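Trainee: Dropping in start_35.csv, with CSV, C-alpha atoms.
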chain,number,residue,atom,x,y,z
A,1,MET,CA,13.6,-19.6,-34.4
A,2,LYS,CA,11.4,-17.0,-32.6
A,3,ILE,CA,10.1,-13.7,-34.0
A,4,ILE,CA,9.7,-10.8,-31.5
A,5,VAL,CA,7.4,-8.0,-32.8
A,6,PRO,CA,7.5,-4.8,-30.7
A,7,MET,CA,4.3,-2.8,-31.7
A,8,ALA,CA,3.2,-0.9,-28.6
A,9,GLY,CA,3.6,2.5,-30.1
A,10,MET,CA,0.6,4.9,-30.4
A,11,GLY,CA,1.2,5.6,-34.1
A,12,LYS,CA,0.7,9.4,-33.7
A,13,ARG,CA,1.9,10.2,-37.2
A,14,MET,CA,-0.9,8.0,-38.6
A,15,ARG,CA,-3.8,9.7,-36.8
A,16,PRO,CA,-6.8,9.7,-37.1
A,17,HIS,CA,-6.4,6.1,-38.4
A,18,THR,CA,-4.7,4.9,-35.2
A,19,LEU,CA,-7.2,6.4,-32.8
A,20,VAL,CA,-9.1,3.1,-32.9
A,21,THR,CA,-6.9,0.7,-34.8
A,22,PRO,CA,-3.3,0.0,-33.8
A,23,LYS,CA,-1.0,1.0,-36.7
A,24,PRO,CA,0.4,-2.5,-37.3
A,25,LEU,CA,-3.2,-3.7,-37.9
A,26,LEU,CA,-3.9,-1.2,-40.7
A,27,PRO,CA,-4.6,-3.0,-44.0
A,28,ILE,CA,-2.2,-3.1,-46.9
A,29,ALA,CA,-3.7,-4.8,-49.9
A,30,GLY,CA,-6.0,-7.0,-47.8
A,31,LYS,CA,-3.6,-7.9,-45.0
A,32,SER,CA,-2.5,-6.0,-41.9
A,33,ILE,CA,1.0,-4.6,-41.8
A,34,VAL,CA,2.1,-7.0,-39.0
A,35,GLN,CA,0.7,-10.0,-40.8
A,36,ARG,CA,2.6,-9.2,-44.0
A,37,LEU,CA,5.7,-8.6,-42.0
A,38,VAL,CA,5.6,-11.8,-40.1
A,39,GLU,CA,4.6,-13.9,-43.2
A,40,ASP,CA,7.5,-12.4,-45.2
A,41,ILE,CA,10.0,-13.3,-42.5
A,42,VAL,CA,8.7,-16.9,-42.0
A,43,ALA,CA,8.8,-17.4,-45.8
A,44,ALA,CA,12.4,-16.3,-45.9
A,45,CYS,CA,13.6,-18.6,-43.1
A,46,ASP,CA,14.7,-22.1,-43.9
A,47,GLU,CA,14.1,-23.3,-40.4
A,48,LYS,CA,10.9,-23.5,-38.4
A,49,VAL,CA,9.5,-20.5,-36.6
A,50,ASP,CA,8.1,-21.9,-33.4
A,51,GLU,CA,6.9,-18.7,-31.7
A,52,VAL,CA,5.8,-15.2,-32.7
A,53,ALA,CA,5.8,-12.9,-29.6
A,54,TYR,CA,4.0,-9.5,-29.8
A,55,ILE,CA,4.8,-6.6,-27.5
A,56,ILE,CA,1.7,-4.4,-27.4
A,57,GLY,CA,-0.1,-1.8,-25.4
A,58,ASP,CA,-3.7,-1.9,-24.2
A,59,PHE,CA,-5.1,-3.0,-27.5
A,60,GLY,CA,-8.0,-5.2,-26.2
A,61,SER,CA,-8.8,-8.9,-26.5
A,62,GLU,CA,-10.1,-8.7,-30.1
A,63,THR,CA,-6.7,-7.4,-31.3
A,64,GLU,CA,-4.8,-9.9,-29.2
A,65,ASN,CA,-6.8,-12.8,-30.7
A,66,LYS,CA,-6.1,-11.5,-34.2
A,67,LEU,CA,-2.4,-11.5,-33.5
A,68,ILE,CA,-2.4,-15.0,-32.0
A,69,LYS,CA,-4.3,-16.3,-35.1
A,70,ILE,CA,-1.6,-14.8,-37.4
A,71,ALA,CA,1.0,-16.8,-35.6
A,72,GLU,CA,-1.1,-20.0,-35.5
A,73,HIS,CA,-1.8,-19.7,-39.2
A,74,LEU,CA,1.9,-19.9,-39.7
A,75,GLY,CA,2.3,-23.0,-37.5
A,76,ALA,CA,3.8,-21.1,-34.6
A,77,LYS,CA,2.7,-20.3,-31.0
A,78,GLY,CA,1.4,-16.7,-30.5
A,79,SER,CA,2.5,-14.9,-27.3
A,80,ILE,CA,1.3,-11.5,-26.0
A,81,TYR,CA,3.5,-9.3,-23.8
A,82,TYR,CA,2.7,-5.7,-22.7
A,83,GLN,CA,4.8,-2.5,-22.7
A,84,ASP,CA,2.9,-0.1,-20.4
A,85,GLU,CA,5.4,2.8,-20.8
A,86,PRO,CA,7.3,4.0,-23.9
A,87,LEU,CA,10.8,3.6,-22.5
A,88,GLY,CA,12.6,2.8,-25.7
A,89,THR,CA,13.4,0.0,-28.1
A,90,ALA,CA,15.5,-2.1,-25.7
A,91,HIS,CA,12.9,-1.9,-23.0
A,92,ALA,CA,10.2,-2.9,-25.5
A,93,ILE,CA,12.1,-6.1,-26.4
A,94,TYR,CA,12.8,-6.9,-22.8
A,95,CYS,CA,9.1,-6.9,-22.1
A,96,ALA,CA,9.2,-10.3,-24.0
A,97,LYS,CA,12.2,-11.5,-22.0
A,98,ASP,CA,10.6,-15.0,-21.4
A,99,SER,CA,10.7,-15.5,-25.2
A,100,LEU,CA,14.3,-14.3,-25.7
A,101,LYS,CA,15.7,-17.8,-26.1
A,102,GLY,CA,17.8,-19.4,-28.9
A,103,LYS,CA,17.7,-17.8,-32.3
A,104,VAL,CA,15.6,-14.6,-32.4
A,105,ILE,CA,14.5,-12.2,-35.1
A,106,VAL,CA,13.3,-8.8,-33.8
A,107,ALA,CA,11.1,-6.9,-36.2
A,108,PHE,CA,9.5,-3.6,-35.5
A,109,ALA,CA,6.0,-3.5,-37.1
A,110,ASP,CA,5.9,-0.2,-38.8
A,111,THR,CA,7.5,-0.9,-42.2
A,112,LEU,CA,7.5,-3.6,-44.9
A,113,PHE,CA,10.5,-5.0,-46.7
A,114,ARG,CA,11.9,-7.1,-49.5
A,115,GLY,CA,15.3,-8.6,-48.9
A,116,ASP,CA,17.3,-11.6,-47.7
A,117,PHE,CA,16.0,-12.3,-44.2
A,118,ASN,CA,17.4,-15.8,-43.9
A,119,PRO,CA,20.3,-15.7,-41.4
A,120,ASN,CA,21.8,-18.9,-42.8
A,121,ASN,CA,22.6,-17.0,-46.0
A,122,TYR,CA,25.2,-14.9,-44.1
A,123,ASP,CA,28.5,-16.0,-42.6
A,124,GLY,CA,27.3,-18.4,-39.9
A,125,ASN,CA,30.9,-19.2,-38.7
A,126,VAL,CA,31.4,-15.8,-37.2
A,127,LEU,CA,27.9,-14.4,-37.1
A,128,ASP,CA,26.4,-13.3,-33.8
A,129,GLY,CA,23.8,-10.9,-35.2
A,130,ILE,CA,22.4,-9.1,-38.2
A,131,VAL,CA,21.1,-5.6,-38.5
A,132,TRP,CA,19.3,-5.0,-41.8
A,133,VAL,CA,20.0,-1.7,-43.4
A,134,ASN,CA,19.0,0.2,-46.6
A,135,LYS,CA,21.1,2.8,-48.5
A,136,VAL,CA,19.4,6.2,-48.3
A,137,GLU,CA,20.2,9.5,-50.1
A,138,ASP,CA,20.1,11.7,-46.9
A,139,PRO,CA,21.1,9.8,-43.8
A,140,ARG,CA,20.6,12.8,-41.5
A,141,SER,CA,17.1,11.6,-40.7
A,142,PHE,CA,18.0,8.1,-39.8
A,143,GLY,CA,20.1,5.9,-37.5
A,144,VAL,CA,22.9,4.5,-39.5
A,145,VAL,CA,25.6,1.9,-39.2
A,146,LYS,CA,29.4,2.2,-39.8
A,147,LEU,CA,31.3,-0.7,-41.2
A,148,ASN,CA,34.9,-1.8,-41.1
A,149,ASP,CA,36.9,-3.3,-44.1
A,150,LYS,CA,35.5,-6.8,-43.2
A,151,ASN,CA,31.9,-5.6,-43.7
A,152,GLU,CA,31.3,-5.8,-40.0
A,153,ILE,CA,29.3,-3.2,-38.1
A,154,ILE,CA,31.5,-1.3,-35.7
A,155,ALA,CA,29.3,1.7,-34.7
A,156,PHE,CA,25.7,3.0,-34.7
A,157,VAL,CA,25.1,6.7,-35.2
A,158,GLU,CA,21.7,8.4,-34.7
A,159,LYS,CA,20.9,11.1,-37.3
A,160,PRO,CA,24.4,12.2,-38.1
A,161,ASP,CA,25.0,15.9,-39.0
A,162,THR,CA,28.1,15.0,-41.0
A,163,PHE,CA,28.4,12.0,-43.3
A,164,ILE,CA,29.3,8.8,-41.5
A,165,SER,CA,27.4,6.3,-43.5
A,166,ASP,CA,24.3,6.1,-45.8
A,167,LEU,CA,23.2,2.7,-44.5
A,168,ALA,CA,20.0,3.3,-42.5
A,169,ILE,CA,18.8,0.9,-39.9
A,170,ILE,CA,15.3,-0.3,-41.0
A,171,GLY,CA,14.0,-2.1,-37.9
A,172,ILE,CA,14.8,-5.8,-38.3
A,173,TYR,CA,17.5,-7.6,-36.3
A,174,TYR,CA,18.7,-11.2,-35.9
A,175,PHE,CA,20.4,-12.6,-32.8
A,176,LYS,CA,22.0,-16.1,-32.7
A,177,ASP,CA,21.7,-16.1,-28.9
A,178,GLY,CA,18.5,-14.6,-27.5
A,179,GLU,CA,19.6,-15.2,-23.9
A,180,ASN,CA,22.7,-13.0,-24.5
A,181,LEU,CA,20.5,-10.2,-25.9
A,182,ARG,CA,18.3,-10.5,-22.8
A,183,GLN,CA,21.4,-10.1,-20.5
A,184,GLU,CA,22.7,-7.1,-22.3
A,185,ILE,CA,19.3,-5.3,-22.1
A,186,LYS,CA,18.9,-6.2,-18.5
A,187,PHE,CA,22.3,-4.6,-17.8
A,188,LEU,CA,21.0,-1.3,-19.3
A,189,LEU,CA,17.8,-1.5,-17.3
A,190,ASP,CA,19.5,-2.4,-14.0
A,191,ASN,CA,22.1,0.4,-14.4
A,192,ASN,CA,19.6,3.0,-15.8
A,193,ILE,CA,21.8,3.4,-19.0
A,194,LYS,CA,19.8,5.6,-21.3
A,195,ASP,CA,20.4,7.4,-24.6
A,196,LYS,CA,18.2,10.5,-25.3
A,197,GLY,CA,16.1,9.5,-22.3
A,198,GLU,CA,15.3,5.9,-23.4
A,199,PHE,CA,16.8,2.4,-23.2
A,200,GLN,CA,18.1,1.9,-26.8
A,201,LEU,CA,18.7,-1.4,-28.5
A,202,THR,CA,21.7,0.1,-30.3
A,203,VAL,CA,23.5,0.7,-26.9
A,204,ALA,CA,23.0,-3.0,-26.1
A,205,LEU,CA,24.4,-3.9,-29.5
A,206,GLU,CA,27.4,-1.7,-29.0
A,207,ASN,CA,28.1,-3.4,-25.7
A,208,MET,CA,27.9,-6.8,-27.4
A,209,MET,CA,30.4,-5.7,-30.1
A,210,LYS,CA,32.8,-4.5,-27.4
A,211,LYS,CA,32.8,-8.0,-26.0
A,212,GLY,CA,33.8,-9.4,-29.4
A,213,LYS,CA,30.4,-10.2,-30.9
A,214,VAL,CA,30.3,-9.9,-34.7
A,215,ILE,CA,27.3,-8.2,-36.2
A,216,LEU,CA,26.8,-7.9,-40.0
A,217,PRO,CA,24.6,-5.7,-42.1
A,218,GLY,CA,21.7,-7.4,-43.7
A,219,LYS,CA,20.7,-7.0,-47.4
A,220,VAL,CA,17.5,-5.2,-48.4
A,221,THR,CA,16.2,-4.7,-51.9
A,222,GLU,CA,13.1,-2.7,-50.9
A,223,TRP,CA,12.0,-0.7,-47.9
A,224,MET,CA,8.4,0.4,-47.7
A,225,ASP,CA,7.4,2.9,-45.1
A,226,CYS,CA,4.1,3.0,-43.2
A,227,GLY,CA,4.8,6.1,-41.1
A,228,ASN,CA,2.1,8.4,-42.3
A,229,LYS,CA,-0.9,8.4,-44.6
A,230,ASP,CA,0.9,9.2,-47.8
A,231,ALA,CA,3.6,6.7,-47.2
A,232,THR,CA,1.1,4.0,-46.3
A,233,VAL,CA,-0.9,4.6,-49.5
A,234,ASP,CA,2.3,4.5,-51.5
A,235,THR,CA,3.3,1.2,-49.8
A,236,ASN,CA,-0.2,-0.2,-50.6
A,237,LYS,CA,0.5,0.7,-54.2
A,238,ARG,CA,3.9,-1.0,-54.2
A,239,ILE,CA,2.5,-4.2,-52.7
A,240,LEU,CA,-0.2,-4.4,-55.3
A,241,GLU,CA,2.4,-3.9,-58.0
A,242,LEU,CA,4.5,-6.7,-56.6
A,243,ASN,CA,1.5,-9.0,-56.5
A,244,LYS,CA,0.7,-8.0,-60.2
A,245,THR,CA,-2.9,-9.0,-60.0
A,246,ILE,CA,-6.4,-8.2,-58.9
A,247,THR,CA,-7.0,-10.1,-55.7
A,248,VAL,CA,-10.6,-10.8,-54.8
A,249,ASN,CA,-11.7,-12.7,-51.7
A,250,ASN,CA,-14.6,-15.0,-52.5
A,251,ARG,CA,-15.2,-13.6,-56.0
A,252,ASP,CA,-18.7,-14.9,-56.1
A,253,LYS,CA,-19.5,-12.8,-53.0
A,254,VAL,CA,-18.4,-9.5,-54.5
A,255,HIS,CA,-21.1,-7.7,-56.4
A,256,TYR,CA,-20.2,-5.7,-59.5
A,257,GLU,CA,-22.7,-3.6,-61.5
A,258,ASN,CA,-21.7,-1.5,-64.5
A,259,SER,CA,-18.2,-1.0,-63.1
A,260,ILE,CA,-14.6,-1.1,-64.2
A,261,ILE,CA,-11.7,-2.4,-62.2
A,262,ILE,CA,-8.2,-1.3,-63.3
A,263,GLU,CA,-5.4,-3.5,-62.2
A,264,PRO,CA,-3.8,-3.9,-59.7
A,265,CYS,CA,-6.4,-3.8,-57.0
A,266,PHE,CA,-7.6,-5.7,-53.9
A,267,ILE,CA,-11.3,-6.2,-53.5
A,268,GLY,CA,-12.5,-7.7,-50.2
A,269,ALA,CA,-15.4,-10.2,-49.8
A,270,HIS,CA,-19.0,-8.9,-49.7
A,271,ALA,CA,-18.0,-5.6,-51.3
A,272,GLU,CA,-20.6,-3.9,-53.6
A,273,ILE,CA,-19.4,-1.8,-56.5
A,274,ARG,CA,-21.9,0.0,-58.7
A,275,ASN,CA,-21.5,2.4,-61.6
A,276,SER,CA,-17.9,3.1,-60.6
A,277,VAL,CA,-14.3,3.0,-61.8
A,278,ILE,CA,-11.9,1.5,-59.3
A,279,GLY,CA,-8.1,1.5,-59.7
A,280,PRO,CA,-5.3,1.3,-60.3
A,281,HIS,CA,-3.7,0.8,-56.9
A,282,VAL,CA,-6.9,0.6,-54.7
A,283,SER,CA,-7.5,-1.7,-51.8
A,284,ILE,CA,-11.1,-2.1,-50.7
A,285,SER,CA,-11.8,-4.1,-47.6
A,286,GLU,CA,-14.8,-6.4,-46.8
A,287,HIS,CA,-18.4,-5.2,-46.7
A,288,CYS,CA,-17.7,-1.8,-48.5
A,289,LYS,CA,-20.2,-0.1,-50.8
A,290,ILE,CA,-19.0,2.0,-53.6
A,291,LYS,CA,-21.5,3.8,-55.9
A,292,ASN,CA,-21.2,6.3,-58.7
A,293,SER,CA,-17.5,7.0,-57.8
A,294,VAL,CA,-14.0,7.0,-59.3
A,295,ILE,CA,-11.3,5.9,-56.9
A,296,SER,CA,-7.6,5.5,-57.5
A,297,ASN,CA,-4.4,5.0,-55.4
A,298,SER,CA,-6.4,4.7,-52.1
A,299,ILE,CA,-7.1,2.4,-49.2
A,300,ILE,CA,-10.7,1.9,-48.1
A,301,GLN,CA,-11.3,0.0,-44.9
A,302,GLU,CA,-14.2,-2.3,-43.8
A,303,HIS,CA,-17.9,-1.3,-43.9
A,304,THR,CA,-17.2,2.0,-45.5
A,305,GLU,CA,-19.6,3.6,-48.1
A,306,VAL,CA,-18.5,6.0,-50.8
A,307,SER,CA,-21.1,7.6,-53.1
A,308,ASN,CA,-20.8,10.2,-55.9
A,309,SER,CA,-17.2,10.9,-55.2
A,310,VAL,CA,-13.8,11.1,-57.0
A,311,LEU,CA,-11.0,10.1,-54.7
A,312,HIS,CA,-7.2,9.9,-55.2
A,313,ASN,CA,-4.4,9.3,-52.8
A,314,SER,CA,-6.9,8.8,-50.0
A,315,MET,CA,-7.2,6.6,-46.9
A,316,LEU,CA,-10.6,6.0,-45.3
A,317,GLY,CA,-11.1,4.1,-42.1
A,318,ASN,CA,-13.8,1.6,-41.0
A,319,HIS,CA,-17.5,2.6,-41.1
A,320,VAL,CA,-16.9,5.9,-42.9
A,321,ARG,CA,-19.7,7.5,-44.9
A,322,ILE,CA,-18.9,10.0,-47.7
A,323,ASN,CA,-21.0,11.5,-50.5
A,324,GLY,CA,-20.1,14.0,-53.2
A,325,ASN,CA,-16.4,14.5,-52.6
A,326,ILE,CA,-13.9,15.4,-55.2
A,327,LYS,CA,-10.7,15.5,-53.2
A,328,GLU,CA,-7.9,13.7,-51.4
A,329,LEU,CA,-9.1,12.5,-48.0
A,330,SER,CA,-7.7,11.0,-44.8
A,331,LEU,CA,-10.6,10.0,-42.5
A,332,GLY,CA,-10.5,7.8,-39.4
A,333,ASP,CA,-13.1,5.3,-38.3
A,334,TYR,CA,-16.8,6.2,-38.2
A,335,SER,CA,-16.3,9.6,-40.0
A,336,SER,CA,-19.1,11.0,-42.1
A,337,ASP,CA,-19.6,14.1,-44.2
A,338,ASN,CA,-23.3,14.0,-43.9
Kindly transcribe the structure held in the file into structure tokens.

Mentor:
Amino acid sequence: MKIIVPMAGMGKRMRPHTLVTPKPLLPIAGKSIVQRLVEDIVAACDEKVDEVAYIIGDFGSETENKLIKIAEHLGAKGSIYYQDEPLGTAHAIYCAKDSLKGKVIVAFADTLFRGDFNPNNYDGNVLDGIVWVNKVEDPRSFGVVKLNDKNEIIAFVEKPDTFISDLAIIGIYYFKDGENLRQEIKFLLDNNIKDKGEFQLTVALENMMKKGKVILPGKVTEWMDCGNKDATVDTNKRILELNKTITVNNRDKVHYENSIIIEPCFIGAHAEIRNSVIGPHVSISEHCKIKNSVISNSIIQEHTEVSNSVLHNSMLGNHVRINGNIKELSLGDYSSDN
């Protein structure tokens, strides 16, 4: 099994946090979005994942090394591919064409999930692919799937004005034959077949179905968005709730003084917390310093210092310095109010 992770997007809706850090590497309860995504998929599969291939932009060698280590930690090979132009979902996947072999899971790294991601739990006798979906109240903002009476996908509709289906595509796909997927995408590229100006994966899937391939809807119990600041803070809250614990890296290396931690929270190694109330639903990364402050439902990234502040529903980047704030904040790396 191979996992393909397209993540070359610029994450414009998450600015200023993505001006320096690619969105999939933003932390959620102590781990990056992409690490949590890949770990969840590997844990759900009952066969070995031998490769994790990332499709990225110009993220730099430090980011590439982090991604490779995520794969190696899971016992898989880490591969890096590049998408230099944003030409659509199908084009992004084709950038990793050398890894499109055998069984493949494609997972776009901008959301987190809970569900049944083991392809062997579906009908393997007829199955050629799986598109995981989630029921939504208003499908007009999503791409949705239409099913027949056999529970097979027969159509994909982008942001329907009239009701077609309430099963929204969430960004995880399984293909029994990676080579076939590669051929279908190559056909789109070679013939310049675009939808809304881009090469779309759903068009390749429709062509597969026209040739008799059977694609089933996957089951999801929870879909957590990381599309903007508020959604990401809310996802951090939900992940902490699912963990149901305070997680502290190297507890003996975290310094507490006259402070209260309200579960659930994540506290990174080498953090210093003095005269403060932290939680619930707060993630504080490594080497942070919190003094005389009250923080709830927030994400604080590495090497950030907060003093004399009351923060809620906030997201602070790396190396941020704030003092004397009573508000909701969204500050990117190296910001300061001094």

Trainee: Given all atoms listed in the file as the basis, pick out the residue of A:Ala168, A:Cys265, A:Ile4, A:Cys45 nearest to A:Asn121.

Mentor: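 Ranked by minimum distance to A:Asn121, first place goes to A:Cys45.
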
Trainee: Near A:Ser32, within 12 Å and counting all atoms listed in the file, which residues show up once chain neighbours fewer than 4 positions away are dropped, as a ChimeraX atom specification?

Mentor: /A:21-28,36-39,63,66-67,70,109-112,226,232,236,283,285,301

Trainee: Please report, as JSON, the centre and edge lengths in Å to one decimal of an axis-aligned box covering all listed atoms of stretch 149-156 of chain A with 4 Å per side.

Mentor:
{"center_x": 31.3, "center_y": -1.9, "center_z": -39.4, "size_x": 19.2, "size_y": 17.8, "size_z": 17.4}

Trainee: I'd like the neighbourhood of stretch 136-140 of chain A as a VMD selection string, where a residue qualifies if any of its atoms comes within 6 Å (using all atoms listed in the file), though same-chain residues fewer than 5 positions away should be ignored.

Mentor: chain A and resid 159 to 161 166

Trainee: Please list, as a PyMOL selection string, the residues that have an atom at most 10 Å away from (16.9, 1.9, -24.2) in the coordinates of this file, counting only C-alpha atoms.

Mentor: chain A and resi 86-94+185+188-189+192-204

Trainee: Which one is closest to A:His319: A:Thr162, A:Gln183, A:Ser335, A:Ser298? Count all atoms listed in the file.

Mentor: A:Ser335

Trainee: Could you tell me how far atom CA of A:Asp58 sits from atom CA of A:Pro6, in Å to one decimal place?

Mentor: 13.3 Å

Trainee: Smallest atom-to-atom distance to A:Met7: which of A:Ile33, A:Gly218, A:Val320, A:Asn228, using only C-alpha atoms?

Mentor: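 Once distances to A:Met7 are computed over only C-alpha atoms, the minimum belongs to A:Ile33.
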
Trainee: Which of these, A:Gly171, A:Gly279, A:Gly78, A:Gly129, has the shortest distance to A:Asp225 once you count all atoms listed in the file?

Mentor: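 Selected residue with least distance to A:Asp225: A:Gly171.
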
Trainee: Got a sec: who's within 8 Å of A:Ile164, counting all atoms listed in the file, leaving out chain neighbours fewer than 4 positions off, as a VMD selection string?

Mentor: chain A and resid 144 146 157 160

Trainee: Quick one: write out the picked residues with C-alpha atoms as a compact mmCIF listing (two decimals), keeping the file's coordinate frame?

Mentor:
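Contents of result16.txt, as written:
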# COMPACT_ATOMS: atom_id res chain seq x y z
CA VAL A 144 22.90 4.50 -39.50
CA LYS A 146 29.40 2.20 -39.80
CA VAL A 157 25.10 6.70 -35.20
CA PRO A 160 24.40 12.20 -38.10

Trainee: Taking only C-alpha atoms into account, which of A:Ile215, A:Ile290, A:Ala271, A:Cys95 comes nearest A:Asn151?

Mentor: A:Ile215

Trainee: So the first atom is atom CA of A:Ile295 and the second is atom CA of A:His281; what is the distance between them in Å, to one decimal place?

Mentor: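 Rounded to one decimal, the two atoms are 9.2 Å apart.
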
Trainee: So what do you get for atom CA of A:Ile3 versus atom CA of A:Asn120, distance-wise?

Mentor: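 Interatomic distance, atom CA of A:Ile3 to atom CA of A:Asn120: 15.5 Å.
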
Trainee: So which one's closest to A:Gly332, A:Ile299, A:Ile169, A:Leu311, A:Ile68? Using only C-alpha atoms, please.

Mentor: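 Smallest distance to A:Gly332 is found for A:Ile299.
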
Trainee: Please rebuild stretch 74-90 of chain A with N, CA, C and O atoms and give the result as a PDB file, in the frame of the given file.

Mentor:
ATOM      1  N   LEU A  74       0.586 -19.641 -39.218  1.00  0.00           N
ATOM      2  CA  LEU A  74       1.900 -19.900 -39.700  1.00  0.00           C
ATOM      3  C   LEU A  74       2.553 -21.136 -39.012  1.00  0.00           C
ATOM      4  O   LEU A  74       3.734 -21.426 -39.188  1.00  0.00           O
ATOM      5  N   GLY A  75       1.765 -21.821 -38.190  1.00  0.00           N
ATOM      6  CA  GLY A  75       2.300 -23.000 -37.500  1.00  0.00           C
ATOM      7  C   GLY A  75       3.097 -22.687 -36.274  1.00  0.00           C
ATOM      8  O   GLY A  75       3.875 -23.538 -35.803  1.00  0.00           O
ATOM      9  N   ALA A  76       2.958 -21.490 -35.715  1.00  0.00           N
ATOM     10  CA  ALA A  76       3.800 -21.100 -34.600  1.00  0.00           C
ATOM     11  C   ALA A  76       2.846 -20.742 -33.382  1.00  0.00           C
ATOM     12  O   ALA A  76       1.647 -20.494 -33.537  1.00  0.00           O
ATOM     13  N   LYS A  77       3.427 -20.727 -32.218  1.00  0.00           N
ATOM     14  CA  LYS A  77       2.700 -20.300 -31.000  1.00  0.00           C
ATOM     15  C   LYS A  77       2.672 -18.752 -31.024  1.00  0.00           C
ATOM     16  O   LYS A  77       3.664 -18.089 -31.343  1.00  0.00           O
ATOM     17  N   GLY A  78       1.531 -18.179 -30.668  1.00  0.00           N
ATOM     18  CA  GLY A  78       1.400 -16.700 -30.500  1.00  0.00           C
ATOM     19  C   GLY A  78       1.469 -16.344 -29.058  1.00  0.00           C
ATOM     20  O   GLY A  78       0.749 -16.924 -28.227  1.00  0.00           O
ATOM     21  N   SER A  79       2.335 -15.394 -28.713  1.00  0.00           N
ATOM     22  CA  SER A  79       2.500 -14.900 -27.300  1.00  0.00           C
ATOM     23  C   SER A  79       2.236 -13.423 -27.275  1.00  0.00           C
ATOM     24  O   SER A  79       2.611 -12.701 -28.200  1.00  0.00           O
ATOM     25  N   ILE A  80       1.628 -12.970 -26.197  1.00  0.00           N
ATOM     26  CA  ILE A  80       1.300 -11.500 -26.000  1.00  0.00           C
ATOM     27  C   ILE A  80       2.067 -11.044 -24.768  1.00  0.00           C
ATOM     28  O   ILE A  80       1.967 -11.630 -23.688  1.00  0.00           O
ATOM     29  N   TYR A  81       2.817  -9.954 -24.949  1.00  0.00           N
ATOM     30  CA  TYR A  81       3.500  -9.300 -23.800  1.00  0.00           C
ATOM     31  C   TYR A  81       3.029  -7.796 -23.889  1.00  0.00           C
ATOM     32  O   TYR A  81       2.578  -7.300 -24.928  1.00  0.00           O
ATOM     33  N   TYR A  82       3.209  -7.090 -22.780  1.00  0.00           N
ATOM     34  CA  TYR A  82       2.700  -5.700 -22.700  1.00  0.00           C
ATOM     35  C   TYR A  82       3.864  -4.752 -22.341  1.00  0.00           C
ATOM     36  O   TYR A  82       4.700  -5.039 -21.484  1.00  0.00           O
ATOM     37  N   GLN A  83       3.888  -3.611 -23.037  1.00  0.00           N
ATOM     38  CA  GLN A  83       4.800  -2.500 -22.700  1.00  0.00           C
ATOM     39  C   GLN A  83       3.870  -1.358 -22.221  1.00  0.00           C
ATOM     40  O   GLN A  83       3.193  -0.723 -23.025  1.00  0.00           O
ATOM     41  N   ASP A  84       3.855  -1.093 -20.923  1.00  0.00           N
ATOM     42  CA  ASP A  84       2.900  -0.100 -20.400  1.00  0.00           C
ATOM     43  C   ASP A  84       3.461   1.320 -20.499  1.00  0.00           C
ATOM     44  O   ASP A  84       2.685   2.280 -20.460  1.00  0.00           O
ATOM     45  N   GLU A  85       4.806   1.484 -20.615  1.00  0.00           N
ATOM     46  CA  GLU A  85       5.400   2.800 -20.800  1.00  0.00           C
ATOM     47  C   GLU A  85       6.336   2.811 -21.974  1.00  0.00           C
ATOM     48  O   GLU A  85       7.054   1.837 -22.192  1.00  0.00           O
ATOM     49  N   PRO A  86       6.360   3.910 -22.748  1.00  0.00           N
ATOM     50  CA  PRO A  86       7.300   4.000 -23.900  1.00  0.00           C
ATOM     51  C   PRO A  86       8.686   4.348 -23.459  1.00  0.00           C
ATOM     52  O   PRO A  86       9.107   5.499 -23.539  1.00  0.00           O
ATOM     53  N   LEU A  87       9.446   3.359 -23.032  1.00  0.00           N
ATOM     54  CA  LEU A  87      10.800   3.600 -22.500  1.00  0.00           C
ATOM     55  C   LEU A  87      11.898   3.226 -23.404  1.00  0.00           C
ATOM     56  O   LEU A  87      13.052   3.136 -22.976  1.00  0.00           O
ATOM     57  N   GLY A  88      11.595   3.016 -24.684  1.00  0.00           N
ATOM     58  CA  GLY A  88      12.600   2.800 -25.700  1.00  0.00           C
ATOM     59  C   GLY A  88      12.615   1.394 -26.270  1.00  0.00           C
ATOM     60  O   GLY A  88      11.903   0.490 -25.808  1.00  0.00           O
ATOM     61  N   THR A  89      13.408   1.237 -27.328  1.00  0.00           N
ATOM     62  CA  THR A  89      13.400   0.000 -28.100  1.00  0.00           C
ATOM     63  C   THR A  89      13.903  -1.203 -27.296  1.00  0.00           C
ATOM     64  O   THR A  89      13.353  -2.295 -27.378  1.00  0.00           O
ATOM     65  N   ALA A  90      14.965  -0.995 -26.515  1.00  0.00           N
ATOM     66  CA  ALA A  90      15.500  -2.100 -25.700  1.00  0.00           C
ATOM     67  C   ALA A  90      14.489  -2.516 -24.643  1.00  0.00           C
ATOM     68  O   ALA A  90      14.279  -3.716 -24.399  1.00  0.00           O
TER      69      ALA A  90
END
